[in-house]
Structure formats: C-alpha cells, structure tokens
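What follows is a set of notes on a single structure, which appears directly below.
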Amino acid sequence: MKRLTVPVLLAGLFGVMLWVSMAGILNSYWQSVLMFMGVNIILATSLNIINGNMGEFSCGHAGFMAVGAYVSSLISVALFTKSATFGEPLLSPDLAVWLFPLVLLAGSLAASVVGLLVAIPSFKTRGDYLAIITIAASYIVKSTIENIGAIGGARGFMGMSGVMNAMNATADLPWILIWVFLGTVFSVCVIRRFIYSTFGKGVDAICQDEIAAEIMSVNTDRVKLVAFMVSCGLAGLAGGLFAHILGYVNPGTFTILKSTEIMVMVYLGGMGSISGSVLAAILMTLLIEYLRDAFGFINTFLHYISIIPDSYEVTQVWKWVLIPLLLVLLMQFRPEGIMGRRELADVFPGLRKFYKFKG
C-alpha cells in the first residue's frame with residue numbers, strides 16, 4: 001500500500017490544482033507560474049541526462065526546445081484552427097482535446113531526430129567539443145527558423161491560442177495547465193525509469209570512464225545516442241508546452257541565454273540528481289518571477305531620479321547579467337549543487353519505502 005503513496009499524492013495534487021484553478025482561487029498569473037515551473041522541470045531533468053548522468057557538456061538545449069515548439073505549434077494550428085498561414089483547419093476543432101498529446105509527441109520526435117543528427121558527429125568528442133557542437137546546432141536551428149518567412153521568420157508564429165480556445169469550447173477546463181502537469185509527471189517518470197534501467201546504467205558507466213565502459217561490453221555509441229535522443233525529445237516536449245502556454249513563439253526566445261538558464265537549473269540542483277533538478281527548476285522559476293517585480297521597481301526608481309536614459313530599460317537586460325553571474329558563482333562556491341549526485345531518498349532514507357524504483 002505504501003508503494004501507492006506517490007501516485008495518490010500526485011492524483012491529489014492534480015485534483016487540488018484543478019479545483020483551485022476552476023474556483024478562481026488560483027489566478028491566471030499563478031497558473032502561468034505553475035506552468036512555467038513544469039516546463040522548467042522538464043528542461044532541467046532532460047538536460048541532466050547529458051550533463052549530469054552522462055558527464056558530457058551540452059550547451060544547446062534551447063535549440064531542441066525550439067524544434068519541438070515550432071513543430072507542435074505548426075501542426076496544432078494547421079489541424080485545429082483557422083489561420084493566415086494555413087487557412088481553414090484540416091480537422092474539426094472538437095478533436096483538439098483528444099489529439100493534442102499526439103501533436104506534442106510529434107514535436108518531441110522532431111526534436112529527437114535533430115538530437116540524433118547532433119549526436120552522431122559527437123560520438124568521438126567530449127567536454128568542450130560537444131559544447132561547441134551543441135551551441136552551433138542551436139544557432140543553426142534559430143537561424144533556420146528566422147529565415148523561413150512562411151512560419152513568421154524573425155517575427156515569430158502565433159495562432160496556438162485558437163487551439164486552446166477550441167479545447168475550452170469542448171469542455172471548460174484549464175487545459176494547458178492539465179497538459180503541463182501530465183507532461184511534467186510523464187517526463188520525470190520516463191527519465192527515472194531510463195536512468196535506473198539496465199540500459200541506463202551504461203550512461204553512468206560512460207560518466208565514470210568511457211574506455212572502461214567499452215571494455216566491460218557497454219555499447220557506448222548506442223547508449224550516448226539513445227540518451228541524447230531522450231534528452232532532446234523531452235526538451236521538444238517542453239518547447240511544445242511552452243509555445244501553447246504563450247500562444248505565440250519567437251526564435252529570439254531560444255538563445256544561448258535560454259540554454260544558460262537551463263544549465264543553471266541543472267548545476268544548482270546537482271549533477272545527476274533528478275530530485276535536485278526538480279527542486280532547482282522550482283526555485284529558479286520563483287526567483288525569476290520575484291526578480292522580475294524587483295527589477296521593475298528598480299527600473300522605475302532609476303528613471304524617476306534620471307540616472308538612466310528614458311529609452312533604457314533595466315528590465316530588458318537584467319537576465320543577461322544575473323543568470324550568467326549565478327552560473328559563475330555556482331561553479332566557484334558550490335559546483336556540486338544543492339543535492340550533489342544524491343536523490344531525496346538518499347537524504348531522507350525513510351522515503352525509500354514509498355518508491356517503486358531503485359535508487
């Protein structure tokens with residue numbers, strides 16, 4: 001019976017979240033914060049497979065997120081809503097509720113394929129070289145999107161809010177909040193099962209010593225390929241959810257700053273710790289929201305006392321300074337992060353009896 005504790009807690013949390021949202025207790029702002037929290041959890045835990053468990057250094061997660069965001073957005077708009085790009089919808093908008101998971105899956109698969117294209121040339125590289133390859137891949141994705149005028153180019157692509165309206169017309173529920181919750185739980189479960197599977201042990205073996213892993217019959221190329229595809233696919237899922245939360249997607253969102261933000265979550269939580277990544281994603285989301293308000297006040301004050309020009313907005317640049325600075329401070333003073341390589345069950349051994357999985 002104790003083994004059912006986690007599923008029961010998740011079901012209870014899901015029920016409470018729905019109730020407070022529909023009763024108006026949780027306003028739209030805090031619903032957005034919860035949704036971005038879920039997206040960040042998916043991004044941090046998925047990057048943790050490569051940077052934490054496998055010991056490689058990927059810096060282009062935002063590019064894979066962009067692939068998932070654009071592919072799922074284009075499919076959902078083409079299928080379920082009228083748009084200037086695609087015209088009349090190909091399917092009845094009533095089907096949006098039921099087929100939306102398949103749309104997200106398509107975005108994830110597309111991101112996995114791009115991950116495959118990046119993983120193959122990176123087989124013989126490690127550390128800095130993989131970082132360069134992933135950064136280059138991210139810029140290729142961003143530049144490609146910016147130069148395709150049919151999907152909005154640098155202006156971005158919109159129309160996903162029409163899909164969400166179609167879902168609300170079927171049943172008046174906070175659909176995107178529901179999909180983010182389910183997507184987050186699904187991603188963490190997939191990652192946990194993957195890491196603690198017999199195949200996933202090869203990921204840790206590569207992290208410890210790739211040559212020794214090969215001698216012990218671990219097919220390191222195959223393990224790296226699968227790990228990279230799983231990680232990129234889940235980043236694509238996060239991108240699809242992110243695009244539908246905003247109802248609008250712009251290539252300028254998926255810059256090196258976004259990749260840095262995700263890396264900060266991984267290193268803050270602890271390399272190779274799923275629970276650490278989840279905790280760090282929650283803390284980072286709350287910190288960013290708090291600082292957004294704080295820097296808004298600072299921006300108003302600096303304009304009031306005329307220290308900065310009227311055209312200059314502190315609120316537009318603070319993330320470019322603060323997030324990289326946070327990464328530098330982490331590397332300097334707490335490189336192992338909050339949890340190190342430990343999980344919650346390692347810190348609180350009493351929790352093990354509630355876990356179905358090993359670890």
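Please note that chains go A, B, ... in the order of the structure tokens, that every chain numbers its residues from 1, and that ligands are numbered from 1 in the order shown.
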| message | Please list as a VMD selection string every residue within 10 Å of stretch 52-58 of chain A, counting only C-alpha atoms and excluding residues in the same chain fewer than 4 positions away. | response | chain A and resid 45 to 48 125 to 135 195 200 to 210 223 to 224 227 to 228 259 263 266 to 267 270 to 274 277 340 to 341
| DSSP-assigned alpha helix (DSSP H) among stretch 232-295 of chain A, expressed as a PyMOL selection string | chain A and resi 232-246+256-269+274-295
| task | Would you list the contacts of A:Ser76 as a ChimeraX atom specification, taking every protein, DNA or RNA residue within 7 Å and counting only C-alpha atoms, but skipping same-chain residues closer than 3 positions in sequence? | result | /A:72-73,79-80,103,163
Restrict the calculation to only C-alpha atoms, then for each residue of stretch 199-283 of chain A with any atom at most 6 Å from an atom of stretch 146-159 of chain A give the closest atom pair and their distance in Å to one decimal, rows by chain and rising residue number, as CSV.
```
residue,atom,partner,partner_atom,distance
A:Tyr248,CA,A:Met158,CA,4.4
A:Val249,CA,A:Phe157,CA,5.4
A:Asn250,CA,A:Gly156,CA,4.0
```
| said: Which residues are close to A:Gly240, i.e. within 10 Å by only C-alpha atoms, leaving aside same-chain residues fewer than 2 positions away? Reply as a VMD selection string. | reply: chain A and resid 39 65 to 73 76 103 to 108 180 234 to 238 242 to 245 249
How about saving the chosen residues, N, CA and C atoms kept, as a short mmCIF file (atom, residue, chain, number, x, y, z; two decimals), in the first residue's frame?
```
data_model
loop_
_atom_site.label_atom_id
_atom_site.label_comp_id
_atom_site.auth_asym_id
_atom_site.auth_seq_id
_atom_site.Cartn_x
_atom_site.Cartn_y
_atom_site.Cartn_z
N VAL A 39 7.38 23.40 -17.16
CA VAL A 39 8.25 23.41 -18.35
C VAL A 39 9.71 23.40 -17.94
N MET A 65 14.56 22.63 -27.85
CA MET A 65 13.28 23.14 -27.36
C MET A 65 12.55 23.90 -28.48
N ALA A 66 13.33 24.67 -29.26
CA ALA A 66 12.74 25.45 -30.36
C ALA A 66 12.14 24.54 -31.42
N VAL A 67 12.83 23.43 -31.72
CA VAL A 67 12.31 22.49 -32.72
C VAL A 67 10.95 21.95 -32.28
N GLY A 68 10.87 21.50 -31.02
CA GLY A 68 9.60 20.98 -30.51
C GLY A 68 8.52 22.04 -30.49
N ALA A 69 8.90 23.26 -30.11
CA ALA A 69 7.93 24.35 -30.03
C ALA A 69 7.33 24.65 -31.40
N TYR A 70 8.18 24.78 -32.41
CA TYR A 70 7.69 25.14 -33.73
C TYR A 70 6.93 24.00 -34.40
N VAL A 71 7.46 22.78 -34.31
CA VAL A 71 6.79 21.65 -34.98
C VAL A 71 5.40 21.42 -34.38
N SER A 72 5.30 21.38 -33.06
CA SER A 72 4.00 21.13 -32.44
C SER A 72 3.05 22.30 -32.70
N SER A 73 3.58 23.53 -32.70
CA SER A 73 2.72 24.70 -32.94
C SER A 73 2.17 24.68 -34.37
N SER A 76 -0.48 21.85 -34.68
CA SER A 76 -1.74 22.12 -33.97
C SER A 76 -2.55 23.22 -34.65
N VAL A 103 0.09 15.77 -30.99
CA VAL A 103 0.79 16.95 -31.51
C VAL A 103 2.08 17.19 -30.74
N LEU A 104 1.99 17.09 -29.41
CA LEU A 104 3.19 17.26 -28.58
C LEU A 104 4.20 16.16 -28.88
N LEU A 105 3.69 14.94 -29.09
CA LEU A 105 4.58 13.81 -29.41
C LEU A 105 5.32 14.06 -30.72
N ALA A 106 4.63 14.63 -31.70
CA ALA A 106 5.27 14.94 -33.00
C ALA A 106 6.41 15.94 -32.81
N GLY A 107 6.18 16.95 -31.98
CA GLY A 107 7.24 17.92 -31.69
C GLY A 107 8.42 17.26 -30.99
N SER A 108 8.12 16.34 -30.07
CA SER A 108 9.19 15.63 -29.35
C SER A 108 10.00 14.77 -30.31
N VAL A 180 0.40 20.52 -19.04
CA VAL A 180 1.73 20.76 -18.45
C VAL A 180 1.95 19.83 -17.27
N LEU A 234 12.55 15.18 -24.92
CA LEU A 234 11.83 15.79 -23.80
C LEU A 234 11.95 17.32 -23.83
N ALA A 235 13.11 17.82 -24.31
CA ALA A 235 13.23 19.28 -24.49
C ALA A 235 12.21 19.76 -25.53
N GLY A 236 11.99 18.94 -26.58
CA GLY A 236 10.98 19.28 -27.58
C GLY A 236 9.58 19.29 -26.99
N LEU A 237 9.31 18.34 -26.07
CA LEU A 237 8.01 18.33 -25.38
C LEU A 237 7.83 19.62 -24.58
N ALA A 238 8.88 20.01 -23.86
CA ALA A 238 8.82 21.27 -23.09
C ALA A 238 8.58 22.46 -24.02
N PHE A 242 5.53 25.06 -23.88
CA PHE A 242 5.88 26.47 -23.72
C PHE A 242 5.19 27.34 -24.78
N ALA A 243 5.20 26.86 -26.03
CA ALA A 243 4.58 27.63 -27.12
C ALA A 243 3.07 27.76 -26.92
N HIS A 244 2.43 26.71 -26.42
CA HIS A 244 0.98 26.76 -26.25
C HIS A 244 0.57 27.52 -24.98
N ILE A 245 1.48 27.62 -24.01
CA ILE A 245 1.19 28.48 -22.85
C ILE A 245 1.12 29.94 -23.29
N VAL A 249 5.14 32.05 -30.43
CA VAL A 249 6.52 31.56 -30.30
C VAL A 249 7.42 32.38 -31.21
#
```
| message | as a PyMOL selection string, please: every residue in stretch 137-275 of chain A that a backbone DSSP assignment puts in strand (DSSP E or B). | response | chain A and resi 157-158+248-249
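With only C-alpha atoms as the atoms that count, the residue of A:Gly162, A:Pro89, A:Gly269, A:Pro174 with the shortest distance to A:Arg334 is A:Gly269.
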| message | Report, in Å with one decimal, the straight-line distance from atom CA of A:Pro7 to atom CA of A:Cys189. | response |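 It comes out at 11.2 Å.
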| Distance of atom CA of A:Leu286 from atom CA of A:Val8, expressed in Å to one decimal place |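 For atom CA of A:Val8 relative to atom CA of A:Leu286, the distance reads 25.9 Å.
Using only C-alpha atoms for every distance, the candidate list A:Ile178, A:Leu279, A:Val188, A:Leu257 yields A:Ile178 as the residue closest to A:Trp19.
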